[in-house]
>>> print(open('work_6.pdb').read())   # PDB, C-alpha atoms and all ligand atoms
ATOM      1  CA  MET A 297       0.000   0.000   0.000  1.00  0.00           C
ATOM      2  CA  SER A 298       1.400   3.460  -0.870  1.00  0.00           C
ATOM      3  CA  LEU A 299       1.156   6.430   1.495  1.00  0.00           C
ATOM      4  CA  LYS A 300      -0.710   8.337  -1.224  1.00  0.00           C
ATOM      5  CA  PHE A 301      -3.349   5.596  -1.298  1.00  0.00           C
ATOM      6  CA  SER A 302      -3.649   5.271   2.480  1.00  0.00           C
ATOM      7  CA  TYR A 303      -3.876   9.035   3.052  1.00  0.00           C
ATOM      8  CA  SER A 304      -6.547   9.208   0.339  1.00  0.00           C
ATOM      9  CA  LEU A 305      -8.557   6.728   2.450  1.00  0.00           C
ATOM     10  CA  LEU A 306      -7.698   8.481   5.745  1.00  0.00           C
ATOM     11  CA  ALA A 307      -8.500  12.012   4.515  1.00  0.00           C
ATOM     12  CA  PRO A 308     -12.217  12.073   5.517  1.00  0.00           C
ATOM     13  CA  PHE A 309     -11.386  10.929   9.080  1.00  0.00           C
ATOM     14  CA  TYR A 310      -8.100  12.788   9.602  1.00  0.00           C
ATOM     15  CA  ASP A 311      -9.457  15.913  11.294  1.00  0.00           C
ATOM     16  CA  LEU A 312     -11.636  13.869  13.645  1.00  0.00           C
ATOM     17  CA  ALA A 313      -8.608  11.907  14.827  1.00  0.00           C
ATOM     18  CA  ILE A 314      -5.972  14.657  14.932  1.00  0.00           C
ATOM     19  CA  ALA A 315      -7.408  18.209  15.030  1.00  0.00           C
ATOM     20  CA  ARG A 316      -8.370  18.502  18.688  1.00  0.00           C
ATOM     21  CA  ALA A 317      -5.384  16.692  20.170  1.00  0.00           C
ATOM     22  CA  SER A 318      -2.890  18.743  18.176  1.00  0.00           C
ATOM     23  CA  ALA A 319      -4.454  22.232  18.179  1.00  0.00           C
ATOM     24  CA  ALA A 320      -2.672  23.668  21.215  1.00  0.00           C
ATOM     25  CA  VAL A 321       0.820  22.471  20.251  1.00  0.00           C
ATOM     26  CA  ARG A 322       0.367  23.637  16.653  1.00  0.00           C
ATOM     27  CA  ALA A 323      -0.662  27.084  17.824  1.00  0.00           C
ATOM     28  CA  GLN A 324       2.281  27.248  20.216  1.00  0.00           C
ATOM     29  CA  ASN A 325       4.871  26.143  17.634  1.00  0.00           C
ATOM     30  CA  LEU A 326       3.569  28.473  14.921  1.00  0.00           C
ATOM     31  CA  GLN A 327       4.008  31.459  17.222  1.00  0.00           C
ATOM     32  CA  HIS A 328       7.676  31.292  16.212  1.00  0.00           C
ATOM     33  CA  LEU A 329       6.767  32.637  12.766  1.00  0.00           C
ATOM     34  CA  PRO A 330       7.170  36.416  12.571  1.00  0.00           C
ATOM     35  CA  ALA A 331       3.791  38.096  13.082  1.00  0.00           C
ATOM     36  CA  GLU A 332       4.518  40.866  10.556  1.00  0.00           C
ATOM     37  CA  GLY A 333       6.017  41.153   7.062  1.00  0.00           C
ATOM     38  CA  ALA A 334       5.342  39.451   3.742  1.00  0.00           C
ATOM     39  CA  LEU A 335       7.566  36.386   3.934  1.00  0.00           C
ATOM     40  CA  ASP A 336       7.538  33.171   1.890  1.00  0.00           C
ATOM     41  CA  VAL A 337       6.612  30.184   4.043  1.00  0.00           C
ATOM     42  CA  LEU A 338       6.545  26.514   3.016  1.00  0.00           C
ATOM     43  CA  ILE A 339       4.020  24.265   4.756  1.00  0.00           C
ATOM     44  CA  ASN A 340       5.630  20.943   3.940  1.00  0.00           C
ATOM     45  CA  GLY A 341       3.117  18.056   4.040  1.00  0.00           C
ATOM     46  CA  ILE A 342       0.188  20.416   4.654  1.00  0.00           C
ATOM     47  CA  GLY A 343      -2.399  17.618   4.928  1.00  0.00           C
ATOM     48  CA  THR A 344      -5.923  18.933   5.537  1.00  0.00           C
ATOM     49  CA  GLY A 345      -4.531  22.327   6.511  1.00  0.00           C
ATOM     50  CA  LEU A 346      -4.872  22.078  10.301  1.00  0.00           C
ATOM     51  CA  ASP A 347      -2.027  24.618  10.661  1.00  0.00           C
ATOM     52  CA  LEU A 348      -3.753  27.253   8.536  1.00  0.00           C
ATOM     53  CA  PRO A 349      -5.987  28.803  11.247  1.00  0.00           C
ATOM     54  CA  PHE A 350      -2.885  29.548  13.347  1.00  0.00           C
ATOM     55  CA  LEU A 351      -0.779  31.285  10.672  1.00  0.00           C
ATOM     56  CA  PRO A 352      -0.060  35.033  10.591  1.00  0.00           C
ATOM     57  CA  PRO A 353      -2.122  36.452   7.681  1.00  0.00           C
ATOM     58  CA  SER A 354       0.487  38.757   6.127  1.00  0.00           C
ATOM     59  CA  HIS A 355       2.820  36.089   4.660  1.00  0.00           C
ATOM     60  CA  ARG A 356       2.698  34.149   1.363  1.00  0.00           C
ATOM     61  CA  TYR A 357       2.254  30.402   1.913  1.00  0.00           C
ATOM     62  CA  ILE A 358       2.894  27.374  -0.260  1.00  0.00           C
ATOM     63  CA  GLY A 359       1.325  24.164   1.012  1.00  0.00           C
ATOM     64  CA  LEU A 360       2.728  20.962  -0.476  1.00  0.00           C
ATOM     65  CA  ASP A 361       1.330  17.463  -0.086  1.00  0.00           C
ATOM     66  CA  LEU A 362       1.494  14.142  -1.904  1.00  0.00           C
ATOM     67  CA  THR A 363      -2.233  13.425  -1.630  1.00  0.00           C
ATOM     68  CA  ALA A 364      -4.950  15.227  -3.616  1.00  0.00           C
ATOM     69  CA  ALA A 365      -7.655  14.199  -1.127  1.00  0.00           C
ATOM     70  CA  MET A 366      -5.757  15.922   1.710  1.00  0.00           C
ATOM     71  CA  LEU A 367      -5.065  19.022  -0.400  1.00  0.00           C
ATOM     72  CA  SER A 368      -8.729  19.399  -1.339  1.00  0.00           C
ATOM     73  CA  ARG A 369      -9.581  19.578   2.373  1.00  0.00           C
ATOM     74  CA  ALA A 370      -6.791  22.094   2.962  1.00  0.00           C
ATOM     75  CA  ARG A 371      -8.242  24.272   0.174  1.00  0.00           C
ATOM     76  CA  ALA A 372     -11.390  24.809   2.257  1.00  0.00           C
ATOM     77  CA  ARG A 373      -9.232  26.393   5.007  1.00  0.00           C
ATOM     78  CA  THR A 374      -7.283  28.871   2.825  1.00  0.00           C
ATOM     79  CA  ASP A 375      -9.850  31.695   2.760  1.00  0.00           C
ATOM     80  CA  ALA A 376      -8.193  34.240   5.022  1.00  0.00           C
ATOM     81  CA  LEU A 377      -4.650  33.636   3.716  1.00  0.00           C
ATOM     82  CA  ARG A 378      -2.524  33.876   0.554  1.00  0.00           C
ATOM     83  CA  VAL A 379      -1.934  30.140   0.017  1.00  0.00           C
ATOM     84  CA  SER A 380      -0.898  28.188  -3.095  1.00  0.00           C
ATOM     85  CA  LEU A 381      -1.382  24.434  -2.891  1.00  0.00           C
ATOM     86  CA  VAL A 382       0.982  22.123  -4.755  1.00  0.00           C
ATOM     87  CA  GLN A 383       0.868  18.356  -5.141  1.00  0.00           C
ATOM     88  CA  GLY A 384       4.373  16.930  -4.786  1.00  0.00           C
ATOM     89  CA  ASP A 385       6.883  14.913  -2.807  1.00  0.00           C
ATOM     90  CA  SER A 386       8.555  16.372   0.294  1.00  0.00           C
ATOM     91  CA  GLN A 387      11.630  14.268  -0.485  1.00  0.00           C
ATOM     92  CA  ALA A 388      12.103  15.973  -3.885  1.00  0.00           C
ATOM     93  CA  LEU A 389      10.598  19.444  -3.589  1.00  0.00           C
ATOM     94  CA  PRO A 390       9.559  21.097  -6.873  1.00  0.00           C
ATOM     95  CA  PHE A 391      10.988  24.484  -5.798  1.00  0.00           C
ATOM     96  CA  ALA A 392      14.207  26.366  -6.544  1.00  0.00           C
ATOM     97  CA  ASP A 393      16.997  26.787  -3.989  1.00  0.00           C
ATOM     98  CA  HIS A 394      16.440  29.637  -1.509  1.00  0.00           C
ATOM     99  CA  SER A 395      12.688  29.993  -2.234  1.00  0.00           C
ATOM    100  CA  PHE A 396      11.450  30.323   1.351  1.00  0.00           C
ATOM    101  CA  ASP A 397      12.083  32.329   4.523  1.00  0.00           C
ATOM    102  CA  HIS A 398      10.577  29.705   6.827  1.00  0.00           C
ATOM    103  CA  ALA A 399       9.320  26.124   6.632  1.00  0.00           C
ATOM    104  CA  VAL A 400       6.756  24.290   8.759  1.00  0.00           C
ATOM    105  CA  LEU A 401       7.155  20.507   9.051  1.00  0.00           C
ATOM    106  CA  HIS A 402       4.302  19.304  11.233  1.00  0.00           C
ATOM    107  CA  LEU A 403       3.797  15.530  11.222  1.00  0.00           C
ATOM    108  CA  ILE A 404       5.704  14.947   7.986  1.00  0.00           C
ATOM    109  CA  LEU A 405       9.319  14.064   8.878  1.00  0.00           C
ATOM    110  CA  ALA A 406       8.318  10.812  10.593  1.00  0.00           C
ATOM    111  CA  VAL A 407       5.771  10.058   7.853  1.00  0.00           C
ATOM    112  CA  VAL A 408       7.982  10.019   4.750  1.00  0.00           C
ATOM    113  CA  PRO A 409      10.150   6.946   4.059  1.00  0.00           C
ATOM    114  CA  ASP A 410      13.335   9.069   3.909  1.00  0.00           C
ATOM    115  CA  PRO A 411      13.213  11.823   6.557  1.00  0.00           C
ATOM    116  CA  ALA A 412      16.799  12.949   5.843  1.00  0.00           C
ATOM    117  CA  ALA A 413      15.868  13.624   2.192  1.00  0.00           C
ATOM    118  CA  CYS A 414      12.831  15.592   3.373  1.00  0.00           C
ATOM    119  CA  LEU A 415      14.935  17.731   5.721  1.00  0.00           C
ATOM    120  CA  GLN A 416      17.725  18.168   3.133  1.00  0.00           C
ATOM    121  CA  GLU A 417      15.195  19.351   0.565  1.00  0.00           C
ATOM    122  CA  THR A 418      13.670  21.737   3.079  1.00  0.00           C
ATOM    123  CA  ALA A 419      17.129  23.153   3.850  1.00  0.00           C
ATOM    124  CA  ARG A 420      17.923  23.513   0.124  1.00  0.00           C
ATOM    125  CA  THR A 421      14.797  25.580  -0.498  1.00  0.00           C
ATOM    126  CA  LEU A 422      15.330  27.830   2.556  1.00  0.00           C
ATOM    127  CA  ARG A 423      17.149  31.155   2.444  1.00  0.00           C
ATOM    128  CA  PRO A 424      20.117  31.596   4.814  1.00  0.00           C
ATOM    129  CA  GLY A 425      18.804  32.639   8.225  1.00  0.00           C
ATOM    130  CA  GLY A 426      15.505  30.872   7.573  1.00  0.00           C
ATOM    131  CA  SER A 427      13.920  28.655  10.204  1.00  0.00           C
ATOM    132  CA  VAL A 428      12.310  25.207  10.244  1.00  0.00           C
ATOM    133  CA  LEU A 429       9.493  24.496  12.714  1.00  0.00           C
ATOM    134  CA  ILE A 430       9.053  20.795  13.370  1.00  0.00           C
ATOM    135  CA  LEU A 431       6.369  18.985  15.333  1.00  0.00           C
ATOM    136  CA  ASP A 432       6.592  15.209  15.285  1.00  0.00           C
ATOM    137  CA  LYS A 433       7.224  11.977  17.156  1.00  0.00           C
ATOM    138  CA  PHE A 434      10.822  10.855  17.468  1.00  0.00           C
ATOM    139  CA  LEU A 435      12.763   8.265  19.365  1.00  0.00           C
ATOM    140  CA  ARG A 436      15.863   9.332  21.275  1.00  0.00           C
ATOM    141  CA  SER A 437      19.222   7.809  20.315  1.00  0.00           C
ATOM    142  CA  GLY A 438      19.524   4.435  22.054  1.00  0.00           C
ATOM    143  CA  GLU A 439      15.894   4.441  23.263  1.00  0.00           C
ATOM    144  CA  ASN A 440      14.644   0.878  23.552  1.00  0.00           C
ATOM    145  CA  ALA A 441      10.973   1.351  22.431  1.00  0.00           C
ATOM    146  CA  TRP A 442      10.859  -2.215  21.103  1.00  0.00           C
ATOM    147  CA  LEU A 443       7.140  -2.159  20.346  1.00  0.00           C
ATOM    148  CA  ARG A 444       7.347   1.052  18.288  1.00  0.00           C
ATOM    149  CA  ARG A 445      10.390  -0.271  16.451  1.00  0.00           C
ATOM    150  CA  ALA A 446       8.611  -3.585  15.772  1.00  0.00           C
ATOM    151  CA  LEU A 447       5.436  -1.897  14.497  1.00  0.00           C
ATOM    152  CA  SER A 448       7.253   0.748  12.455  1.00  0.00           C
ATOM    153  CA  PRO A 449       7.708  -1.179   9.178  1.00  0.00           C
ATOM    154  CA  LEU A 450       3.945  -1.797   8.940  1.00  0.00           C
ATOM    155  CA  ALA A 451       2.854   1.573  10.350  1.00  0.00           C
ATOM    156  CA  GLY A 452       5.267   3.310   7.971  1.00  0.00           C
ATOM    157  CA  LYS A 453       3.524   1.788   4.962  1.00  0.00           C
ATOM    158  CA  ILE A 454       0.072   2.865   6.174  1.00  0.00           C
ATOM    159  CA  ALA A 455       0.519   6.233   7.895  1.00  0.00           C
ATOM    160  CA  THR A 456       3.763   6.991   9.714  1.00  0.00           C
ATOM    161  CA  ARG A 457       7.064   5.554  10.821  1.00  0.00           C
ATOM    162  CA  LEU A 458       7.496   5.097  14.573  1.00  0.00           C
ATOM    163  CA  ASP A 459      11.272   4.598  14.660  1.00  0.00           C
ATOM    164  CA  VAL A 460      12.748   7.895  13.443  1.00  0.00           C
ATOM    165  CA  VAL A 461      15.578   9.220  15.619  1.00  0.00           C
ATOM    166  CA  PHE A 462      15.675  12.984  15.089  1.00  0.00           C
ATOM    167  CA  GLU A 463      19.359  13.369  15.933  1.00  0.00           C
ATOM    168  CA  GLU A 464      20.277  10.867  13.193  1.00  0.00           C
ATOM    169  CA  VAL A 465      18.238  12.841  10.657  1.00  0.00           C
ATOM    170  CA  LEU A 466      19.659  16.228  11.646  1.00  0.00           C
ATOM    171  CA  ALA A 467      23.221  14.866  11.461  1.00  0.00           C
ATOM    172  CA  GLN A 468      22.671  14.413   7.709  1.00  0.00           C
ATOM    173  CA  VAL A 469      21.749  18.065   7.148  1.00  0.00           C
ATOM    174  CA  PRO A 470      24.749  20.144   8.277  1.00  0.00           C
ATOM    175  CA  GLN A 471      23.280  23.425   6.981  1.00  0.00           C
ATOM    176  CA  LEU A 472      20.689  23.302   9.762  1.00  0.00           C
ATOM    177  CA  GLU A 473      21.438  24.092  13.391  1.00  0.00           C
ATOM    178  CA  LEU A 474      19.307  23.225  16.410  1.00  0.00           C
ATOM    179  CA  VAL A 475      17.770  26.224  18.179  1.00  0.00           C
ATOM    180  CA  SER A 476      15.303  24.543  20.534  1.00  0.00           C
ATOM    181  CA  ASP A 477      13.826  21.114  21.230  1.00  0.00           C
ATOM    182  CA  GLU A 478      10.855  20.795  23.625  1.00  0.00           C
ATOM    183  CA  PRO A 479       8.781  17.758  24.625  1.00  0.00           C
ATOM    184  CA  VAL A 480       5.128  18.587  23.910  1.00  0.00           C
ATOM    185  CA  LEU A 481       2.905  15.486  23.961  1.00  0.00           C
ATOM    186  CA  ALA A 482       2.838  11.816  25.001  1.00  0.00           C
ATOM    187  CA  ARG A 483       5.571  12.154  27.607  1.00  0.00           C
ATOM    188  CA  GLY A 484       8.020  13.658  25.151  1.00  0.00           C
ATOM    189  CA  TRP A 485       7.467  11.256  22.264  1.00  0.00           C
ATOM    190  CA  PHE A 486       6.159  14.292  20.339  1.00  0.00           C
ATOM    191  CA  ARG A 487       8.620  17.181  20.249  1.00  0.00           C
ATOM    192  CA  ALA A 488       8.509  20.764  18.984  1.00  0.00           C
ATOM    193  CA  ILE A 489      11.871  21.481  17.370  1.00  0.00           C
ATOM    194  CA  ARG A 490      13.212  24.707  15.848  1.00  0.00           C
ATOM    195  CA  LEU A 491      16.160  24.796  13.442  1.00  0.00           C
ATOM    196  CA  ILE A 492      17.929  27.619  11.663  1.00  0.00           C
ATOM    197  CA  LYS A 493      19.764  27.557   8.337  1.00  0.00           C
ATOM    198  CA  HIS A 494      23.326  28.932   8.299  1.00  0.00           C
TER     199      HIS A 494
HETATM  200  C1  LIG B   1       0.179  12.905   9.388  1.00  0.00           C
HETATM  201  S1  LIG B   1      -0.295  13.890   8.016  1.00  0.00           S
HETATM  202  C2  LIG B   1       0.187  15.510   8.576  1.00  0.00           C
HETATM  203  C3  LIG B   1      -0.561  16.591   7.878  1.00  0.00           C
HETATM  204  C4  LIG B   1      -0.347  17.986   8.466  1.00  0.00           C
HETATM  205  N1  LIG B   1       1.016  18.444   8.318  1.00  0.00           N
HETATM  206  C5  LIG B   1      -0.751  18.046   9.909  1.00  0.00           C
HETATM  207  O1  LIG B   1       0.059  18.489  10.735  1.00  0.00           O
HETATM  208  O2  LIG B   1      -1.879  17.692  10.213  1.00  0.00           O
HETATM  209  C6  LIG B   1       0.945  13.470   6.833  1.00  0.00           C
HETATM  210  C7  LIG B   1       0.727  14.113   5.485  1.00  0.00           C
HETATM  211  O3  LIG B   1       1.881  13.854   4.709  1.00  0.00           O
HETATM  212  C8  LIG B   1       1.483  13.590   3.397  1.00  0.00           C
HETATM  213  N2  LIG B   1       2.560  12.863   2.744  1.00  0.00           N
HETATM  214  C9  LIG B   1       2.923  11.575   2.866  1.00  0.00           C
HETATM  215  N3  LIG B   1       4.020  11.306   2.144  1.00  0.00           N
HETATM  216  C10 LIG B   1       4.382  12.467   1.554  1.00  0.00           C
HETATM  217  C11 LIG B   1       5.427  12.855   0.698  1.00  0.00           C
HETATM  218  N4  LIG B   1       6.363  11.976   0.276  1.00  0.00           N
HETATM  219  N5  LIG B   1       5.474  14.139   0.274  1.00  0.00           N
HETATM  220  C12 LIG B   1       4.555  15.038   0.687  1.00  0.00           C
HETATM  221  N6  LIG B   1       3.531  14.734   1.516  1.00  0.00           N
HETATM  222  C13 LIG B   1       3.447  13.474   1.943  1.00  0.00           C
HETATM  223  C14 LIG B   1       0.177  12.839   3.522  1.00  0.00           C
HETATM  224  O4  LIG B   1      -0.585  12.915   2.349  1.00  0.00           O
HETATM  225  C15 LIG B   1      -0.451  13.571   4.703  1.00  0.00           C
HETATM  226  O5  LIG B   1      -1.246  14.640   4.253  1.00  0.00           O
END
>>> encode(input="work_6.pdb", output="structure tokens")
Amino acid sequence: MSLKFSYSLLAPFYDLAIARASAAVRAQNLQHLPAEGALDVLINGIGTGLDLPFLPPSHRYIGLDLTAAMLSRARARTDALRVSLVQGDSQALPFADHSFDHAVLHLILAVVPDPAACLQETARTLRPGGSVLILDKFLRSGENAWLRRALSPLAGKIATRLDVVFEEVLAQVPQLELVSDEPVLARGWFRAIRLIKH
């Protein structure tokens, strides 16, 4: 089963499962975007657009996702913002180098098969000084988590990997530097992470 197929099936139920539980941490993480200005912001793996209600209105947004069924739900949330929606792959972004001032990666790095490619592509398309706002579930280096590791190959085919170690991903993207890393949900399994591009 491909992720495009499974997220096409999940799209009608996604908000019911995720919106309420994630609203507060989304809002909190997105406060790191500048409130003023007309900046270019990538929403990488935009899904049904659950981030959109929390975004400052003055910026220009591009929301990318692999799945048309998710993007069509996001479209219904774009009213108050300047948003372009693009169907594409986060691991091979269809944008030129240095296109964006900031990038939001909420629940996408642990979803894609190759999180390092996703983060490398994000870094490539960011301007120097730009930031990356991440919200996702990660294992710590050396964490046992045998059940999550055992379930990850199957879960990764349907919806999300469970075995991604953030530090191993970041080590493959030397242009990005860690600014902050906070536990936010599920006893620190979900983390809000901020990076900056040199
Ligand atoms: C867990 S949802 C997260 C959606 C949204 N960012 C959020 O926070 O609610 C994962 C999203 O990633 C998308 N996706 C999966 N693989 C992708 C890929 N290779 N490139 C871009 N989007 C992808 C899915 O279609 C889905 O919309």
>>> resolve_selection(input="work_6.pdb", expression="the PyMOL selection byres (((not hetatm)) within 7 of (chain B and resi 1))", output="PyMOL selection string")
chain A and resi 299-300+303+314+340-347+360-363+366+384-387+401-404+407-408+455-456
>>> write_last_selection(input="work_6.pdb", atoms="C-alpha atoms", output="PDB file, in the coordinates of the input")
ATOM      1  CA  LEU A 299       1.156   6.430   1.495  1.00  0.00           C
ATOM      2  CA  LYS A 300      -0.710   8.337  -1.224  1.00  0.00           C
ATOM      3  CA  TYR A 303      -3.876   9.035   3.052  1.00  0.00           C
ATOM      4  CA  ILE A 314      -5.972  14.657  14.932  1.00  0.00           C
ATOM      5  CA  ASN A 340       5.630  20.943   3.940  1.00  0.00           C
ATOM      6  CA  GLY A 341       3.117  18.056   4.040  1.00  0.00           C
ATOM      7  CA  ILE A 342       0.188  20.416   4.654  1.00  0.00           C
ATOM      8  CA  GLY A 343      -2.399  17.618   4.928  1.00  0.00           C
ATOM      9  CA  THR A 344      -5.923  18.933   5.537  1.00  0.00           C
ATOM     10  CA  GLY A 345      -4.531  22.327   6.511  1.00  0.00           C
ATOM     11  CA  LEU A 346      -4.872  22.078  10.301  1.00  0.00           C
ATOM     12  CA  ASP A 347      -2.027  24.618  10.661  1.00  0.00           C
ATOM     13  CA  LEU A 360       2.728  20.962  -0.476  1.00  0.00           C
ATOM     14  CA  ASP A 361       1.330  17.463  -0.086  1.00  0.00           C
ATOM     15  CA  LEU A 362       1.494  14.142  -1.904  1.00  0.00           C
ATOM     16  CA  THR A 363      -2.233  13.425  -1.630  1.00  0.00           C
ATOM     17  CA  MET A 366      -5.757  15.922   1.710  1.00  0.00           C
ATOM     18  CA  GLY A 384       4.373  16.930  -4.786  1.00  0.00           C
ATOM     19  CA  ASP A 385       6.883  14.913  -2.807  1.00  0.00           C
ATOM     20  CA  SER A 386       8.555  16.372   0.294  1.00  0.00           C
ATOM     21  CA  GLN A 387      11.630  14.268  -0.485  1.00  0.00           C
ATOM     22  CA  LEU A 401       7.155  20.507   9.051  1.00  0.00           C
ATOM     23  CA  HIS A 402       4.302  19.304  11.233  1.00  0.00           C
ATOM     24  CA  LEU A 403       3.797  15.530  11.222  1.00  0.00           C
ATOM     25  CA  ILE A 404       5.704  14.947   7.986  1.00  0.00           C
ATOM     26  CA  VAL A 407       5.771  10.058   7.853  1.00  0.00           C
ATOM     27  CA  VAL A 408       7.982  10.019   4.750  1.00  0.00           C
ATOM     28  CA  ALA A 455       0.519   6.233   7.895  1.00  0.00           C
ATOM     29  CA  THR A 456       3.763   6.991   9.714  1.00  0.00           C
TER      30      THR A 456
END
>>> closest_residue(input="work_6.pdb", among="A:Val461, A:Phe350, A:Thr374, A:Ala451", to="Ser302 in chain A", atoms="only C-alpha atoms")
A:Ala451
>>> resolve_selection(input="work_6.pdb", expression="the PyMOL selection byres (((chain A and resi 470) around 12) and not hetatm)", output="CSV table (one decimal) with C-alpha atoms, in the coordinates of the input")
chain,number,residue,atom,x,y,z
A,412,ALA,CA,16.8,12.9,5.8
A,415,LEU,CA,14.9,17.7,5.7
A,416,GLN,CA,17.7,18.2,3.1
A,419,ALA,CA,17.1,23.2,3.8
A,420,ARG,CA,17.9,23.5,0.1
A,463,GLU,CA,19.4,13.4,15.9
A,464,GLU,CA,20.3,10.9,13.2
A,465,VAL,CA,18.2,12.8,10.7
A,466,LEU,CA,19.7,16.2,11.6
A,467,ALA,CA,23.2,14.9,11.5
A,468,GLN,CA,22.7,14.4,7.7
A,469,VAL,CA,21.7,18.1,7.1
A,471,GLN,CA,23.3,23.4,7.0
A,472,LEU,CA,20.7,23.3,9.8
A,473,GLU,CA,21.4,24.1,13.4
A,474,LEU,CA,19.3,23.2,16.4
A,491,LEU,CA,16.2,24.8,13.4
A,492,ILE,CA,17.9,27.6,11.7
A,493,LYS,CA,19.8,27.6,8.3
A,494,HIS,CA,23.3,28.9,8.3
>>> closest_residue(input="work_6.pdb", among="A:Glu439, A:Asp393, A:Asp459, A:Asp432", to="Arg487 in chain A", atoms="all atoms listed in the file")
A:Asp432
>>> residues_near_point(input="work_6.pdb", point="(16.4, 26.1, 1.8)", cutoff="7 Å", atoms="all atoms listed in the file", output="number ranges by chain")
A: 393-396, 417-423
>>> resolve_selection(input="work_6.pdb", expression="the PyMOL selection byres (((chain A and resi 381) around 9) and not hetatm)", output="list in words")
Ile342, Tyr357, Ile358, Gly359, Leu360, Asp361, Leu367, Ala370, Arg371, Val379, Ser380, Val382 and Gln383 of chain A
>>> closest_residue(input="work_6.pdb", among="A:Pro349, A:Pro409, A:Gly425, A:Pro308", to="Ile454 in chain A", atoms="all atoms listed in the file")
A:Pro409
>>> closest_residue(input="work_6.pdb", among="A:Ala406, A:Ala331, A:Leu389, A:Ala399", to="Lys453 in chain A", atoms="only C-alpha atoms")
A:Ala406
>>> atom_distance(input="work_6.pdb", atom1="CA of Ala319 in chain A", atom2="CA of Ala307 in chain A")
17.5 Å
>>> residues_near_point(input="work_6.pdb", point="(10.0, 32.9, 7.1)", cutoff="8 Å", atoms="all atoms listed in the file", output="list of chain:residue names")
A:Leu329, A:Pro330, A:Leu335, A:Asp336, A:Val337, A:Phe396, A:Asp397, A:His398, A:Ala399, A:Gly426, A:Ser427
>>> closest_residue(input="work_6.pdb", among="A:Leu348, A:Ser448, A:Leu338, A:Lys433", to="Arg483 in chain A", atoms="all atoms listed in the file")
A:Lys433
>>> atom_distance(input="work_6.pdb", atom1="CA of Asp311 in chain A", atom2="CA of Pro449 in chain A")
24.3 Å
>>> closest_residue(input="work_6.pdb", among="A:Ala364, A:Val480, A:Leu405, A:Trp485", to="Arg436 in chain A", atoms="all atoms listed in the file")
A:Trp485
>>> atom_distance(input="work_6.pdb", atom1="CA of Asn325 in chain A", atom2="CA of Ala372 in chain A")
22.4 Å
>>> axis_aligned_box(input="work_6.pdb", around="range 448-462 of chain A", padding_each_side="3 Å", output="AutoDock Vina command-line options")
--center_x 7.9 --center_y 5.6 --center_z 10.3 --size_x 21.6 --size_y 20.8 --size_z 16.7
>>> build_atoms(input="work_6.pdb", residues="range 430-441 of chain A", atoms="N, CA and C atoms", output="PDB file, in the frame of the given file")
ATOM      1  N   ILE A 430       9.393  22.219  13.461  1.00  0.00           N
ATOM      2  CA  ILE A 430       9.053  20.795  13.370  1.00  0.00           C
ATOM      3  C   ILE A 430       8.171  20.418  14.555  1.00  0.00           C
ATOM      4  N   LEU A 431       7.159  19.615  14.265  1.00  0.00           N
ATOM      5  CA  LEU A 431       6.369  18.985  15.333  1.00  0.00           C
ATOM      6  C   LEU A 431       6.193  17.537  14.899  1.00  0.00           C
ATOM      7  N   ASP A 432       6.710  16.615  15.700  1.00  0.00           N
ATOM      8  CA  ASP A 432       6.592  15.209  15.285  1.00  0.00           C
ATOM      9  C   ASP A 432       7.004  14.284  16.420  1.00  0.00           C
ATOM     10  N   LYS A 433       6.850  12.993  16.155  1.00  0.00           N
ATOM     11  CA  LYS A 433       7.224  11.977  17.156  1.00  0.00           C
ATOM     12  C   LYS A 433       8.575  11.380  16.777  1.00  0.00           C
ATOM     13  N   PHE A 434       9.479  11.368  17.736  1.00  0.00           N
ATOM     14  CA  PHE A 434      10.822  10.855  17.468  1.00  0.00           C
ATOM     15  C   PHE A 434      11.288  10.011  18.639  1.00  0.00           C
ATOM     16  N   LEU A 435      12.047   8.995  18.329  1.00  0.00           N
ATOM     17  CA  LEU A 435      12.763   8.265  19.365  1.00  0.00           C
ATOM     18  C   LEU A 435      14.039   9.028  19.696  1.00  0.00           C
ATOM     19  N   ARG A 436      14.546   8.805  20.897  1.00  0.00           N
ATOM     20  CA  ARG A 436      15.863   9.332  21.275  1.00  0.00           C
ATOM     21  C   ARG A 436      16.913   8.303  20.872  1.00  0.00           C
ATOM     22  N   SER A 437      18.129   8.748  20.630  1.00  0.00           N
ATOM     23  CA  SER A 437      19.222   7.809  20.315  1.00  0.00           C
ATOM     24  C   SER A 437      19.321   6.776  21.432  1.00  0.00           C
ATOM     25  N   GLY A 438      19.348   5.509  21.068  1.00  0.00           N
ATOM     26  CA  GLY A 438      19.524   4.435  22.054  1.00  0.00           C
ATOM     27  C   GLY A 438      18.264   4.068  22.807  1.00  0.00           C
ATOM     28  N   GLU A 439      17.137   4.772  22.557  1.00  0.00           N
ATOM     29  CA  GLU A 439      15.894   4.441  23.263  1.00  0.00           C
ATOM     30  C   GLU A 439      15.420   3.051  22.845  1.00  0.00           C
ATOM     31  N   ASN A 440      15.013   2.268  23.831  1.00  0.00           N
ATOM     32  CA  ASN A 440      14.644   0.878  23.552  1.00  0.00           C
ATOM     33  C   ASN A 440      13.384   0.825  22.662  1.00  0.00           C
ATOM     34  N   ALA A 441      12.224   1.238  23.204  1.00  0.00           N
ATOM     35  CA  ALA A 441      10.973   1.351  22.431  1.00  0.00           C
ATOM     36  C   ALA A 441      10.773   0.175  21.484  1.00  0.00           C
TER      37      ALA A 441
END
